[in-house]
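Okay, entry.cif now, which holds mmCIF, C-alpha atoms and all ligand atoms:
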```
data_query
#
loop_
_atom_site.label_atom_id
_atom_site.label_comp_id
_atom_site.auth_asym_id
_atom_site.auth_seq_id
_atom_site.Cartn_x
_atom_site.Cartn_y
_atom_site.Cartn_z
CA MET I 199 21.24 17.18 -20.50
CA SER I 200 21.22 16.05 -16.90
CA VAL I 201 21.86 19.64 -15.73
CA LYS I 202 18.62 20.64 -17.39
CA ILE I 203 16.58 18.30 -15.21
CA ALA I 204 14.15 20.25 -13.05
CA GLU I 205 15.36 21.00 -9.55
CA ARG I 206 12.60 18.97 -7.91
CA TYR I 207 13.77 15.81 -9.75
CA ARG I 208 17.42 16.20 -8.74
CA GLY I 209 18.59 13.75 -6.14
CA VAL I 210 15.99 11.20 -7.21
CA GLU I 211 17.93 7.99 -7.70
CA GLY I 212 16.84 5.39 -10.21
CA GLY I 213 16.70 1.79 -9.13
CA LEU I 214 18.44 0.62 -12.29
CA PHE I 215 21.81 2.04 -11.40
CA SER I 216 21.90 2.63 -7.69
CA LYS I 217 20.55 1.67 -4.34
CA VAL I 218 17.24 3.45 -3.83
CA THR I 219 15.49 4.26 -0.61
CA LYS I 220 12.36 2.48 -1.75
CA ALA I 221 14.09 -0.86 -1.55
CA ASP I 222 11.91 -2.94 -3.78
CA VAL I 223 12.52 -1.31 -7.15
CA GLY I 224 15.16 -1.72 -9.78
CA ASP I 225 17.80 -4.22 -10.68
CA SER I 226 19.41 -4.28 -7.26
CA PHE I 227 16.33 -6.00 -5.84
CA ALA I 228 15.31 -8.05 -8.85
CA SER I 229 18.83 -9.42 -9.33
CA MET I 230 18.56 -11.12 -5.95
CA GLU I 231 15.71 -13.25 -7.28
CA GLY I 232 16.62 -16.93 -7.13
CA GLN I 233 19.61 -16.18 -4.86
CA VAL I 234 17.67 -15.21 -1.75
CA THR I 235 14.08 -15.18 -0.49
CA LEU I 236 12.49 -11.84 -1.33
CA MET I 237 10.40 -10.66 1.60
CA GLY I 238 10.47 -7.00 0.69
CA TRP I 239 7.97 -6.79 -2.14
CA ALA I 240 4.37 -6.02 -1.15
CA ASP I 241 2.88 -8.47 -3.60
CA PRO I 242 0.99 -11.39 -2.04
CA PHE I 243 2.27 -14.89 -2.86
CA TYR I 244 4.97 -13.45 -5.15
CA PRO I 245 6.49 -15.02 -7.26
CA ASP I 246 3.95 -17.84 -7.47
CA PRO I 247 1.11 -17.68 -10.00
CA ALA I 248 -2.08 -16.46 -8.42
CA ILE I 249 -4.78 -15.61 -10.98
CA PRO I 250 -8.12 -16.98 -9.74
CA PRO I 251 -9.55 -19.45 -12.31
CA HIS I 252 -12.72 -17.45 -13.05
CA ILE I 253 -10.60 -14.42 -13.94
CA GLN I 254 -8.31 -16.53 -16.12
CA LYS I 255 -11.39 -17.77 -17.95
CA VAL I 256 -12.80 -14.33 -18.81
CA LEU I 257 -9.37 -13.17 -19.89
CA THR I 258 -8.93 -16.09 -22.27
CA GLU I 259 -12.38 -15.51 -23.74
CA ALA I 260 -11.76 -11.78 -24.08
CA VAL I 261 -8.48 -12.29 -25.93
CA LYS I 262 -10.28 -14.47 -28.49
CA THR I 263 -12.64 -11.60 -29.34
CA GLY I 264 -9.76 -9.27 -30.16
CA PHE I 265 -11.54 -6.45 -28.32
CA PRO I 266 -8.74 -5.94 -25.77
CA ALA I 267 -6.51 -4.62 -28.56
CA HIS I 268 -8.53 -1.38 -28.38
CA TYR I 269 -8.57 1.51 -25.93
CA THR I 270 -11.33 2.07 -23.45
CA MET I 271 -12.22 5.66 -22.66
CA PRO I 272 -9.33 7.40 -20.88
CA ILE I 273 -11.47 7.53 -17.72
CA GLY I 274 -11.97 3.75 -17.84
CA SER I 275 -14.70 1.32 -18.82
CA LEU I 276 -18.19 2.32 -17.74
CA GLU I 277 -19.04 -1.28 -16.84
CA LEU I 278 -16.14 -1.39 -14.40
CA ARG I 279 -17.02 2.00 -12.94
CA GLN I 280 -20.61 0.79 -12.43
CA GLU I 281 -19.38 -2.29 -10.59
CA LEU I 282 -17.06 -0.14 -8.48
CA ALA I 283 -19.96 2.14 -7.55
CA VAL I 284 -21.71 -0.90 -6.02
CA LYS I 285 -18.57 -1.83 -4.07
CA LEU I 286 -18.11 1.78 -2.91
CA LYS I 287 -21.68 1.88 -1.61
CA ASN I 288 -21.55 -1.47 0.18
CA PHE I 289 -17.99 -1.43 1.49
CA ASN I 290 -16.98 2.23 1.77
CA ARG I 291 -20.40 3.78 2.47
CA ILE I 292 -19.70 6.19 -0.37
CA CYS I 293 -22.43 7.07 -2.87
CA ALA I 294 -20.50 7.51 -6.11
CA ASP I 295 -22.03 8.16 -9.50
CA PRO I 296 -20.14 5.89 -11.92
CA ARG I 297 -20.26 8.58 -14.60
CA ARG I 298 -19.10 11.46 -12.44
CA ASN I 299 -17.16 10.28 -9.41
CA ILE I 300 -14.84 7.44 -10.47
CA ILE I 301 -11.84 7.24 -12.76
CA ILE I 302 -9.81 4.11 -13.52
CA THR I 303 -6.02 4.51 -13.39
CA PRO I 304 -3.11 2.29 -14.48
CA GLY I 305 -2.41 1.09 -10.93
CA SER I 306 -2.94 3.20 -7.85
CA ASP I 307 0.64 4.54 -7.73
CA SER I 308 0.03 6.58 -10.87
CA GLY I 309 -3.46 7.40 -9.53
CA LEU I 310 -1.94 8.68 -6.31
CA PHE I 311 0.48 10.96 -8.15
CA PHE I 312 -2.28 12.15 -10.50
CA ALA I 313 -4.54 12.92 -7.52
CA MET I 314 -1.79 14.79 -5.71
CA SER I 315 -0.78 16.76 -8.79
CA ALA I 316 -4.18 18.42 -9.00
CA PHE I 317 -3.76 19.99 -5.57
CA ILE I 318 -0.09 20.31 -4.82
CA GLY I 319 2.38 22.69 -6.43
CA PRO I 320 5.62 24.59 -5.78
CA GLY I 321 5.71 26.33 -2.41
CA ASP I 322 2.99 24.21 -0.82
CA GLU I 323 3.43 22.19 2.32
CA VAL I 324 1.87 18.76 2.65
CA LEU I 325 1.48 16.86 5.90
CA VAL I 326 2.58 13.23 5.66
CA PRO I 327 2.30 10.80 8.58
CA ASP I 328 5.66 9.30 9.51
CA PRO I 329 6.23 6.39 9.04
CA SER I 330 4.25 5.93 5.86
CA TYR I 331 4.46 4.84 2.22
CA PRO I 332 7.67 6.29 0.68
CA ASN I 333 5.79 7.61 -2.37
CA ASN I 334 3.94 10.06 -0.14
CA PHE I 335 7.17 11.92 0.57
CA LEU I 336 8.73 11.64 -2.89
CA ASN I 337 5.55 12.59 -4.80
CA VAL I 338 5.34 15.83 -2.83
CA GLN I 339 8.97 16.59 -3.68
CA LEU I 340 8.42 15.80 -7.38
CA LEU I 341 5.58 18.31 -7.39
CA GLY I 342 7.93 21.00 -6.07
CA ALA I 343 6.31 21.13 -2.64
CA THR I 344 7.58 20.29 0.84
CA ALA I 345 6.55 17.16 2.69
CA VAL I 346 6.16 17.86 6.40
CA PRO I 347 6.47 14.59 8.33
CA VAL I 348 4.07 14.23 11.24
CA PRO I 349 5.03 11.45 13.67
CA LEU I 350 2.45 8.78 14.36
CA ASP I 351 1.89 7.71 17.94
CA ARG I 352 4.24 4.70 18.30
CA GLU I 353 3.07 3.91 21.82
CA ASN I 354 -0.54 3.80 20.61
CA GLY I 355 0.00 1.37 17.73
CA TYR I 356 0.93 4.20 15.33
CA GLN I 357 -2.52 5.78 15.44
CA LEU I 358 -2.99 9.42 14.39
CA ASP I 359 -1.87 12.10 16.80
CA VAL I 360 -4.16 14.84 15.52
CA ASP I 361 -2.67 17.46 17.86
CA ALA I 362 0.67 16.88 16.12
CA PHE I 363 -1.04 17.44 12.75
CA ALA I 364 -2.65 20.64 14.05
CA ARG I 365 0.72 21.92 15.26
CA ALA I 366 2.28 21.25 11.82
CA VAL I 367 -0.30 23.29 9.87
CA THR I 368 0.97 26.62 8.52
CA ALA I 369 -0.41 29.17 6.04
CA LYS I 370 1.30 27.13 3.29
CA THR I 371 -0.30 23.80 4.17
CA LYS I 372 -2.38 22.58 1.25
CA ALA I 373 -3.16 18.95 1.93
CA ILE I 374 -2.71 15.85 4.03
CA VAL I 375 -1.72 12.56 2.39
CA LEU I 376 -2.79 9.54 4.37
CA THR I 377 -2.17 5.85 3.72
CA HIS I 378 -5.02 4.00 5.41
CA PRO I 379 -4.50 1.24 6.45
CA ASN I 380 -0.98 2.45 6.86
CA ASN I 381 1.92 0.90 5.02
CA PRO I 382 4.34 -0.04 6.71
CA THR I 383 2.74 -0.31 10.16
CA THR I 384 -0.53 -2.02 9.02
CA THR I 385 -2.44 0.35 11.32
CA VAL I 386 -6.12 0.81 10.55
CA PHE I 387 -6.80 4.35 11.70
CA CYS I 388 -9.68 4.34 14.19
CA ARG I 389 -12.93 6.22 13.65
CA GLU I 390 -12.26 8.63 16.50
CA GLY I 391 -8.86 9.70 15.11
CA LEU I 392 -10.20 10.03 11.58
CA GLU I 393 -13.14 12.11 12.75
CA GLU I 394 -10.78 14.39 14.64
CA LEU I 395 -8.53 14.65 11.56
CA ALA I 396 -11.57 15.40 9.39
CA ARG I 397 -12.52 18.29 11.68
CA LEU I 398 -9.00 19.68 11.30
CA VAL I 399 -9.14 19.32 7.49
CA VAL I 400 -12.43 21.23 7.37
CA GLU I 401 -11.34 23.89 9.88
CA LYS I 402 -8.03 24.56 8.08
CA ASP I 403 -9.57 24.29 4.61
CA LEU I 404 -7.27 21.47 3.43
CA ALA I 405 -7.55 18.64 0.93
CA LEU I 406 -7.18 15.01 1.99
CA ILE I 407 -5.70 12.44 -0.36
CA VAL I 408 -6.21 9.02 1.13
CA ASP I 409 -4.54 5.92 -0.27
CA GLN I 410 -6.68 2.91 0.59
CA ALA I 411 -4.68 0.29 -1.31
CA PHE I 412 -4.91 -2.07 1.70
CA GLU I 413 -8.54 -1.35 2.67
CA ASP I 414 -9.70 -4.81 1.63
CA SER I 415 -7.47 -6.87 3.93
CA VAL I 416 -8.32 -5.80 7.47
CA PHE I 417 -8.36 -8.42 10.25
CA ASP I 418 -10.15 -9.23 13.49
CA GLY I 419 -13.34 -7.35 12.62
CA ILE I 420 -11.57 -3.99 13.01
CA GLU I 421 -13.83 -1.26 11.64
CA PHE I 422 -12.55 0.29 8.42
CA VAL I 423 -13.78 3.86 7.99
CA SER I 424 -13.43 5.64 4.66
CA PRO I 425 -12.61 9.29 5.41
CA ALA I 426 -14.62 10.45 2.36
CA ALA I 427 -17.75 9.16 4.10
CA LEU I 428 -17.24 11.38 7.18
CA PRO I 429 -19.20 14.63 7.57
CA GLY I 430 -17.87 17.47 5.43
CA MET I 431 -15.22 15.26 3.80
CA TRP I 432 -16.75 14.14 0.50
CA GLU I 433 -15.88 17.38 -1.30
CA ARG I 434 -12.40 17.54 0.28
CA THR I 435 -11.19 13.99 -0.22
CA VAL I 436 -9.71 12.05 -3.10
CA THR I 437 -9.83 8.32 -2.35
CA VAL I 438 -7.25 6.14 -4.08
CA CYS I 439 -7.86 2.37 -4.38
CA SER I 440 -6.21 -0.65 -5.98
CA ILE I 441 -6.74 -4.28 -6.98
CA SER I 442 -3.08 -5.08 -6.26
CA LYS I 443 -3.07 -5.90 -2.59
CA GLY I 444 -5.97 -7.82 -1.01
CA MET I 445 -6.97 -9.18 -4.40
CA GLY I 446 -3.35 -9.87 -5.28
CA LEU I 447 -3.78 -8.72 -8.89
CA SER I 448 -0.89 -6.27 -9.00
CA GLY I 449 0.34 -7.27 -12.45
CA PHE I 450 -2.86 -6.08 -14.06
CA ARG I 451 -2.11 -2.49 -12.99
CA VAL I 452 -5.58 -1.28 -12.10
CA GLY I 453 -6.42 1.37 -9.56
CA TYR I 454 -9.16 3.96 -9.28
CA LEU I 455 -9.83 7.38 -7.85
CA VAL I 456 -13.07 8.48 -6.24
CA ALA I 457 -13.93 12.14 -5.71
CA ASP I 458 -16.59 14.81 -5.76
CA ASP I 459 -17.87 15.95 -9.21
CA ARG I 460 -15.95 19.22 -9.29
CA VAL I 461 -12.64 17.59 -8.46
CA MET I 462 -13.32 14.63 -10.71
CA ASP I 463 -14.13 16.96 -13.61
CA VAL I 464 -10.49 18.10 -13.50
CA PHE I 465 -9.26 14.50 -13.50
CA HIS I 466 -11.57 13.66 -16.39
CA GLY I 467 -10.27 16.68 -18.30
CA ALA I 468 -6.62 15.74 -17.82
CA ALA I 469 -7.04 11.96 -18.13
CA VAL I 470 -6.27 11.64 -21.82
CA ASN I 471 -3.06 13.63 -21.41
CA VAL I 472 -1.77 12.01 -18.24
CA LEU I 473 -3.18 8.50 -18.06
CA GLY I 474 -4.03 7.65 -21.65
CA ALA I 475 -6.25 4.78 -20.68
CA THR I 476 -5.81 1.77 -18.43
CA ASN I 477 -5.08 -1.56 -20.16
CA THR I 478 -8.35 -2.92 -21.58
CA LEU I 479 -7.67 -6.57 -20.74
CA SER I 480 -6.79 -5.59 -17.18
CA GLN I 481 -10.07 -3.75 -16.78
CA ILE I 482 -11.86 -6.93 -17.88
CA ALA I 483 -9.97 -8.82 -15.16
CA ALA I 484 -10.87 -6.17 -12.57
CA LEU I 485 -14.54 -6.26 -13.54
CA GLU I 486 -14.66 -10.03 -13.04
CA ALA I 487 -12.79 -9.70 -9.73
CA PHE I 488 -15.37 -7.25 -8.34
CA ARG I 489 -18.32 -9.23 -9.73
CA HIS I 490 -17.15 -12.45 -8.06
CA PRO I 491 -14.92 -11.48 -5.13
CA ALA I 492 -15.07 -14.69 -3.03
CA PHE I 493 -11.36 -15.27 -3.72
CA LEU I 494 -10.65 -12.08 -1.74
CA GLN I 495 -12.00 -13.75 1.42
CA GLU I 496 -9.74 -16.74 0.75
CA ASN I 497 -6.78 -14.40 0.41
CA ILE I 498 -7.64 -12.70 3.68
CA ARG I 499 -7.77 -16.06 5.46
CA ALA I 500 -4.36 -16.92 3.99
CA PHE I 501 -2.98 -13.51 5.12
CA GLU I 502 -4.32 -14.17 8.63
CA ARG I 503 -2.60 -17.55 8.77
CA ARG I 504 0.63 -15.89 7.65
CA ARG I 505 0.17 -13.13 10.20
CA ASP I 506 -0.23 -15.73 12.98
CA MET I 507 2.79 -17.61 11.67
CA ALA I 508 4.96 -14.48 11.67
CA TRP I 509 3.72 -13.67 15.16
CA GLU I 510 4.70 -17.16 16.37
CA GLU I 511 8.16 -16.96 14.83
CA LEU I 512 9.14 -13.36 15.55
CA SER I 513 7.23 -11.80 18.43
CA GLY I 514 9.05 -13.47 21.33
CA ILE I 515 12.62 -12.53 20.35
CA PRO I 516 14.52 -10.48 22.96
CA GLY I 517 14.88 -6.86 21.86
CA VAL I 518 12.16 -7.19 19.18
CA ARG I 519 8.91 -5.32 19.54
CA MET I 520 6.47 -6.67 17.01
CA TYR I 521 3.24 -4.86 16.18
CA ARG I 522 0.44 -7.35 15.68
CA PRO I 523 -0.63 -6.71 12.07
CA GLU I 524 -4.11 -5.22 11.73
CA SER I 525 -4.18 -5.54 7.95
CA ALA I 526 -2.24 -6.64 4.86
CA PHE I 527 0.38 -9.38 4.53
CA TYR I 528 3.45 -7.94 6.15
CA CYS I 529 4.64 -7.09 9.62
CA TRP I 530 6.46 -4.22 11.27
CA LEU I 531 9.09 -4.84 13.92
CA ASP I 532 10.88 -2.35 16.12
CA VAL I 533 14.39 -3.79 16.46
CA SER I 534 16.05 -0.61 17.71
CA ALA I 535 17.08 -2.37 20.94
CA LEU I 536 19.27 -4.63 18.77
CA GLY I 537 21.02 -1.88 16.82
CA ASP I 538 20.85 0.03 13.55
CA SER I 539 18.13 -1.26 11.22
CA THR I 540 20.28 -0.95 8.05
CA GLU I 541 22.94 -3.18 9.59
CA ILE I 542 20.29 -5.65 10.74
CA VAL I 543 18.77 -5.77 7.22
CA ASP I 544 22.25 -6.50 5.83
CA ARG I 545 22.86 -9.27 8.33
CA ILE I 546 19.46 -10.86 7.57
CA LEU I 547 20.35 -10.79 3.88
CA LYS I 548 23.81 -12.29 4.36
CA GLU I 549 23.12 -14.76 7.15
CA ALA I 550 19.51 -15.80 6.49
CA GLY I 551 19.37 -15.22 2.74
CA VAL I 552 16.22 -13.13 3.07
CA ALA I 553 15.70 -9.58 1.73
CA VAL I 554 13.52 -7.46 4.00
CA ASN I 555 12.87 -3.69 4.11
CA ASP I 556 14.73 -1.19 6.26
CA GLY I 557 12.23 0.96 8.18
CA LYS I 558 14.25 4.06 7.28
CA ALA I 559 12.65 4.02 3.79
CA TYR I 560 9.32 4.95 5.39
CA GLY I 561 10.36 8.18 7.09
CA SER I 562 12.60 9.13 9.98
CA GLN I 563 10.23 7.46 12.45
CA GLY I 564 10.90 4.18 10.70
CA ALA I 565 14.56 4.10 11.78
CA GLY I 566 15.21 1.07 13.95
CA CYS I 567 12.36 -0.88 12.35
CA LEU I 568 11.97 -3.63 9.74
CA ARG I 569 9.14 -4.43 7.35
CA ILE I 570 8.84 -8.11 6.45
CA ILE I 571 6.44 -9.40 3.78
CA HIS I 572 5.36 -12.68 5.38
CA GLY I 573 2.66 -13.06 2.69
CA CYS I 574 5.04 -13.61 -0.20
CA LEU I 575 5.64 -17.10 -1.70
CA GLY I 576 2.74 -19.41 -2.47
CA ASP I 577 4.21 -22.11 -0.23
CA GLU I 578 3.41 -21.40 3.43
CA GLU I 579 6.08 -23.78 4.69
CA ALA I 580 8.78 -22.03 2.63
CA ALA I 581 7.62 -18.71 4.12
CA ARG I 582 7.80 -20.21 7.63
CA GLN I 583 11.34 -21.47 7.04
CA ALA I 584 12.40 -17.98 5.86
CA LEU I 585 10.85 -16.44 8.98
CA LYS I 586 12.69 -19.00 11.13
CA ARG I 587 15.97 -18.00 9.48
CA ILE I 588 15.22 -14.32 10.18
CA ALA I 589 14.41 -15.24 13.80
CA GLY I 590 17.74 -17.08 14.01
CA VAL I 591 19.65 -13.93 12.99
CA LEU I 592 17.69 -11.67 15.36
CA ASN I 593 18.15 -14.11 18.26
CA GLY I 594 21.86 -14.24 17.41
CA ILE I 595 22.17 -10.43 17.54
CA ALA I 596 20.23 -10.34 20.82
CA GLY I 597 22.70 -12.89 22.23
CA GLU I 598 25.77 -10.99 21.02
CA ARG I 599 24.48 -7.77 22.57
CA GLU I 600 23.20 -9.49 25.67
CA VAL I 601 19.74 -8.04 25.16
CA LYS I 602 17.24 -9.68 27.51
CA GLN I 603 13.48 -9.63 26.92
C1 LIG I 701 0.31 2.00 0.29
C2 LIG I 701 0.42 1.67 -1.15
N1 LIG I 701 -0.27 2.39 -2.03
C3 LIG I 701 -0.20 2.14 -3.34
C4 LIG I 701 0.61 1.16 -3.83
C5 LIG I 701 0.68 0.94 -5.30
O1 LIG I 701 -0.16 -0.07 -5.72
P1 LIG I 701 -0.55 -0.27 -7.24
O2 LIG I 701 -0.08 -1.62 -7.59
O3 LIG I 701 -2.05 -0.14 -7.27
O4 LIG I 701 0.10 0.81 -8.05
C6 LIG I 701 1.37 0.38 -2.96
C7 LIG I 701 2.26 -0.68 -3.46
O5 LIG I 701 3.17 -1.12 -2.81
C8 LIG I 701 1.27 0.65 -1.59
O6 LIG I 701 1.97 -0.05 -0.70
#
```

What would you get if you wrote out this structure as structure tokens?
Ligand SMILES: Cc1ncc(COP(=O)(O)O)c(C=O)c1O
Amino acid sequence: MSVKIAERYRGVEGGLFSKVTKADVGDSFASMEGQVTLMGWADPFYPDPAIPPHIQKVLTEAVKTGFPAHYTMPIGSLELRQELAVKLKNFNRICADPRRNIIITPGSDSGLFFAMSAFIGPGDEVLVPDPSYPNNFLNVQLLGATAVPVPLDRENGYQLDVDAFARAVTAKTKAIVLTHPNNPTTTVFCREGLEELARLVVEKDLALIVDQAFEDSVFDGIEFVSPAALPGMWERTVTVCSISKGMGLSGFRVGYLVADDRVMDVFHGAAVNVLGATNTLSQIAALEAFRHPAFLQENIRAFERRRDMAWEELSGIPGVRMYRPESAFYCWLDVSALGDSTEIVDRILKEAGVAVNDGKAYGSQGAGCLRIIHGCLGDEEAARQALKRIAGVLNGIAGEREVKQ
């Protein structure tokens, strides 16, 4: 049977049996649980329980009614879509009609693939910033198209180099897939760069699929601009959002797509086939989260404390160039002056007992870098101790190689 698998799926390795490039899936990662500290899973406070009490309460009450045993519409509960329309207006500056412009998806990963599948097919080329979320590259491949990596500007905090995007466009280019804020670099793309990119998208008649899973945890008052709200972009953009990251509600598996009526009509038409419907109980949790989102601000304050802690522990190490996180609950370190990032990840695992991500998983521009989830574990002190152990290994390597600041 395996020879009958479609060409575009060949070479895709499953996490259950082998080491995968996306390091946080499958048995190989999960089996380390309890043996080492997992700082490679983008799930805030993992593995500690983190359901805000008001959400726990509505869930308990909902279970008693028995209603969650039933489907919602495949496009998601109208009540939730109405609440999301309010959030989209206030936070994203997007005017979305809850009946026509929003669809709820079982997590944003499946939403992202669903969104991409409507535009991308065999023979197409898709521009993907490098480094970025590994799914952006693999999804394009699974759809039979070619991902064209476009390097981000490392010297400018990994902002968009729109000239590089323009140079990469060919007659086959169909779309750009952007993760904004970017995972793994935490970069919040600035208005100027996004406006320039939007002009390119319009001029070259492209689609933009923008994954905003980390939009709700941006620090230091940095402006977050939703590309769909820029001139000419509403009808060209599919916006993909999630409750997994800032809200820390990943286990509920709720995401949502936002798009123009004509694009959304296609998603609505295909929803029952592709998505089924998102878990009813989870949609109840999401509704409560958006109605009473004060806990999100608490999470952001906790992420900021973790960010400062990681900065204190890791930024001064010889040979380490740390990017001060602009969003999220992880950090991105260029350790290329100390050697190969895969070897460094292995040494951190063996010597410090901490699993972190090799930058190579995020595109060729990620080679020589590490991604460390400083926001995992509920206990801040335990997280600090793990960071100290990582710092010990990096300092040790710097000493061995006589790398000076
Ligand atoms: C950039 C980005 N987008 C999407 C996702 C998927 O999130 P969800 O839990 O909504 O499927 C992740 C999860 O790691 C992510 O990092």

Worksheet item: Between I:Ser229, I:Val234, I:Glu496, I:Asp246, which has the minimum distance to Arg587 of chain I (counting all atoms listed in the file)?
Response: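 For Arg587 of chain I, the nearest of the candidates is I:Val234.
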
Around ligand LIG 701 (chain I), at most 7 Å away and counting only C-alpha atoms and all ligand atoms, which residues are there? Put them as a JSON list (two decimals) with C-alpha atoms, in the coordinates of the input, please.
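Generated output (part02.json):
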```json
[["chain", "number", "residue", "atom", "x", "y", "z"],
["I", 240, "ALA", "CA", 4.37, -6.02, -1.15],
["I", 305, "GLY", "CA", -2.41, 1.09, -10.93],
["I", 306, "SER", "CA", -2.94, 3.20, -7.85],
["I", 307, "ASP", "CA", 0.64, 4.54, -7.73],
["I", 308, "SER", "CA", 0.03, 6.58, -10.87],
["I", 331, "TYR", "CA", 4.46, 4.84, 2.22],
["I", 377, "THR", "CA", -2.17, 5.85, 3.72],
["I", 380, "ASN", "CA", -0.98, 2.45, 6.86],
["I", 381, "ASN", "CA", 1.92, 0.90, 5.02],
["I", 409, "ASP", "CA", -4.54, 5.92, -0.27],
["I", 410, "GLN", "CA", -6.68, 2.91, 0.59],
["I", 411, "ALA", "CA", -4.68, 0.29, -1.31],
["I", 412, "PHE", "CA", -4.91, -2.07, 1.70],
["I", 439, "CYS", "CA", -7.86, 2.37, -4.38],
["I", 440, "SER", "CA", -6.21, -0.65, -5.98],
["I", 441, "ILE", "CA", -6.74, -4.28, -6.98],
["I", 442, "SER", "CA", -3.08, -5.08, -6.26],
["I", 448, "SER", "CA", -0.89, -6.27, -9.00],
["I", 451, "ARG", "CA", -2.11, -2.49, -12.99],
["I", 452, "VAL", "CA", -5.58, -1.28, -12.10],
["I", 453, "GLY", "CA", -6.42, 1.37, -9.56]]
```

Worksheet item: Hey, can you pull every residue with an atom no more than 12 Å from (1.7, 22.9, -10.1), using only C-alpha atoms, and send it as a PyMOL selection string?
Response: chain I and resi 206+312+314-322+338-343

Please write the residues from the selection above to a file, keeping C-alpha atoms, as a PDB file, keeping the file's coordinate frame.
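Written out: again27.pdb:
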```pdb
ATOM      1  CA  ARG I 206      12.600  18.970  -7.910  1.00  0.00           C
ATOM      2  CA  PHE I 312      -2.280  12.150 -10.500  1.00  0.00           C
ATOM      3  CA  MET I 314      -1.790  14.790  -5.710  1.00  0.00           C
ATOM      4  CA  SER I 315      -0.780  16.760  -8.790  1.00  0.00           C
ATOM      5  CA  ALA I 316      -4.180  18.420  -9.000  1.00  0.00           C
ATOM      6  CA  PHE I 317      -3.760  19.990  -5.570  1.00  0.00           C
ATOM      7  CA  ILE I 318      -0.090  20.310  -4.820  1.00  0.00           C
ATOM      8  CA  GLY I 319       2.380  22.690  -6.430  1.00  0.00           C
ATOM      9  CA  PRO I 320       5.620  24.590  -5.780  1.00  0.00           C
ATOM     10  CA  GLY I 321       5.710  26.330  -2.410  1.00  0.00           C
ATOM     11  CA  ASP I 322       2.990  24.210  -0.820  1.00  0.00           C
ATOM     12  CA  VAL I 338       5.340  15.830  -2.830  1.00  0.00           C
ATOM     13  CA  GLN I 339       8.970  16.590  -3.680  1.00  0.00           C
ATOM     14  CA  LEU I 340       8.420  15.800  -7.380  1.00  0.00           C
ATOM     15  CA  LEU I 341       5.580  18.310  -7.390  1.00  0.00           C
ATOM     16  CA  GLY I 342       7.930  21.000  -6.070  1.00  0.00           C
ATOM     17  CA  ALA I 343       6.310  21.130  -2.640  1.00  0.00           C
TER      18      ALA I 343
END
```

I'd like the neighbourhood of Asp556 of chain I as a compact mmCIF listing (two decimals) with C-alpha atoms, keeping the file's coordinate frame, where a residue qualifies if any of its atoms comes within 10 Å (using only C-alpha atoms), though same-chain residues fewer than 2 positions away should be ignored.
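Output file around_27.txt is given in full below:
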```txt
# COMPACT_ATOMS: atom_id res chain seq x y z
CA THR I 219 15.49 4.26 -0.61
CA LYS I 220 12.36 2.48 -1.75
CA ALA I 221 14.09 -0.86 -1.55
CA GLY I 238 10.47 -7.00 0.69
CA ASP I 538 20.85 0.03 13.55
CA SER I 539 18.13 -1.26 11.22
CA THR I 540 20.28 -0.95 8.05
CA GLU I 541 22.94 -3.18 9.59
CA ILE I 542 20.29 -5.65 10.74
CA VAL I 543 18.77 -5.77 7.22
CA ASP I 544 22.25 -6.50 5.83
CA ALA I 553 15.70 -9.58 1.73
CA VAL I 554 13.52 -7.46 4.00
CA LYS I 558 14.25 4.06 7.28
CA ALA I 559 12.65 4.02 3.79
CA TYR I 560 9.32 4.95 5.39
CA GLY I 564 10.90 4.18 10.70
CA ALA I 565 14.56 4.10 11.78
CA GLY I 566 15.21 1.07 13.95
CA CYS I 567 12.36 -0.88 12.35
CA LEU I 568 11.97 -3.63 9.74
CA ARG I 569 9.14 -4.43 7.35
CA ILE I 570 8.84 -8.11 6.45
```

Fill in: Separation of atom CA of Ser200 of chain I from atom CA of Leu336 of chain I, in Å and rounded to one decimal
19.3 Å

Practice prompt. Place a sphere of radius 10 Å on (22.2, -14.4, 13.8) in the file coordinates and name every protein, DNA or RNA residue with an atom inside or on its surface, counting only C-alpha atoms; give the answer as number ranges by chain.
Written response: I: 542, 545-546, 548-550, 587-598

Fill in: Counting all atoms listed in the file, the residue of I:Glu231, I:Asp532, I:Glu486, I:Glu511 that sits nearest Ile253 of chain I
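Going through I:Glu231, I:Asp532, I:Glu486, I:Glu511 one by one, the smallest distance to Ile253 of chain I is for I:Glu486.
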
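Proximity of I:Gln280, I:Ser525, I:Ser562, I:Asn333 to Thr384 of chain I, computed with all atoms listed in the file, is greatest for I:Ser525.
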
Worksheet entry | Interatomic distance (Å, one decimal) between atom CA of Val326 of chain I and atom CA of Pro349 of chain I | 8.6 Å

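For the set I:Ala313, I:Val464, I:Ile249, I:Ala469, the residue with the smallest atom-to-atom gap to Ala405 of chain I is I:Ala313, counting all atoms listed in the file.
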
Practice prompt. Have a look at I:Arg291, I:Arg519, I:His252, I:His378 and name the one nearest to Ala492 of chain I; count only C-alpha atoms.
Written response: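 Looking only at the distances to Ala492 of chain I, the closest residue turns out to be I:His252.
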
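Restricting the calculation to only C-alpha atoms, the smallest distance between Leu473 of chain I and any of I:Ala267, I:Ile571, I:Ala362, I:Ile273 is found for I:Ile273.
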
Worksheet item: If you count all atoms listed in the file, which residues fall within 12 Å of Arg365 of chain I, apart from same-chain ones fewer than 6 positions away, as JSON, numbers by chain?
Response: {"I": [325, 346, 347, 348, 349, 359, 371, 398, 402]}

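From atom CA of Thr303 of chain I back to atom CA of Tyr454 of chain I, the distance works out to 5.2 Å.
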
Discussion item. Residues within 9 Å of His268 of chain I, please, as a ChimeraX atom specification. Count only C-alpha atoms; anything in the same chain fewer than 4 positions from it doesn't count.
Written reply: /I:264,477-478
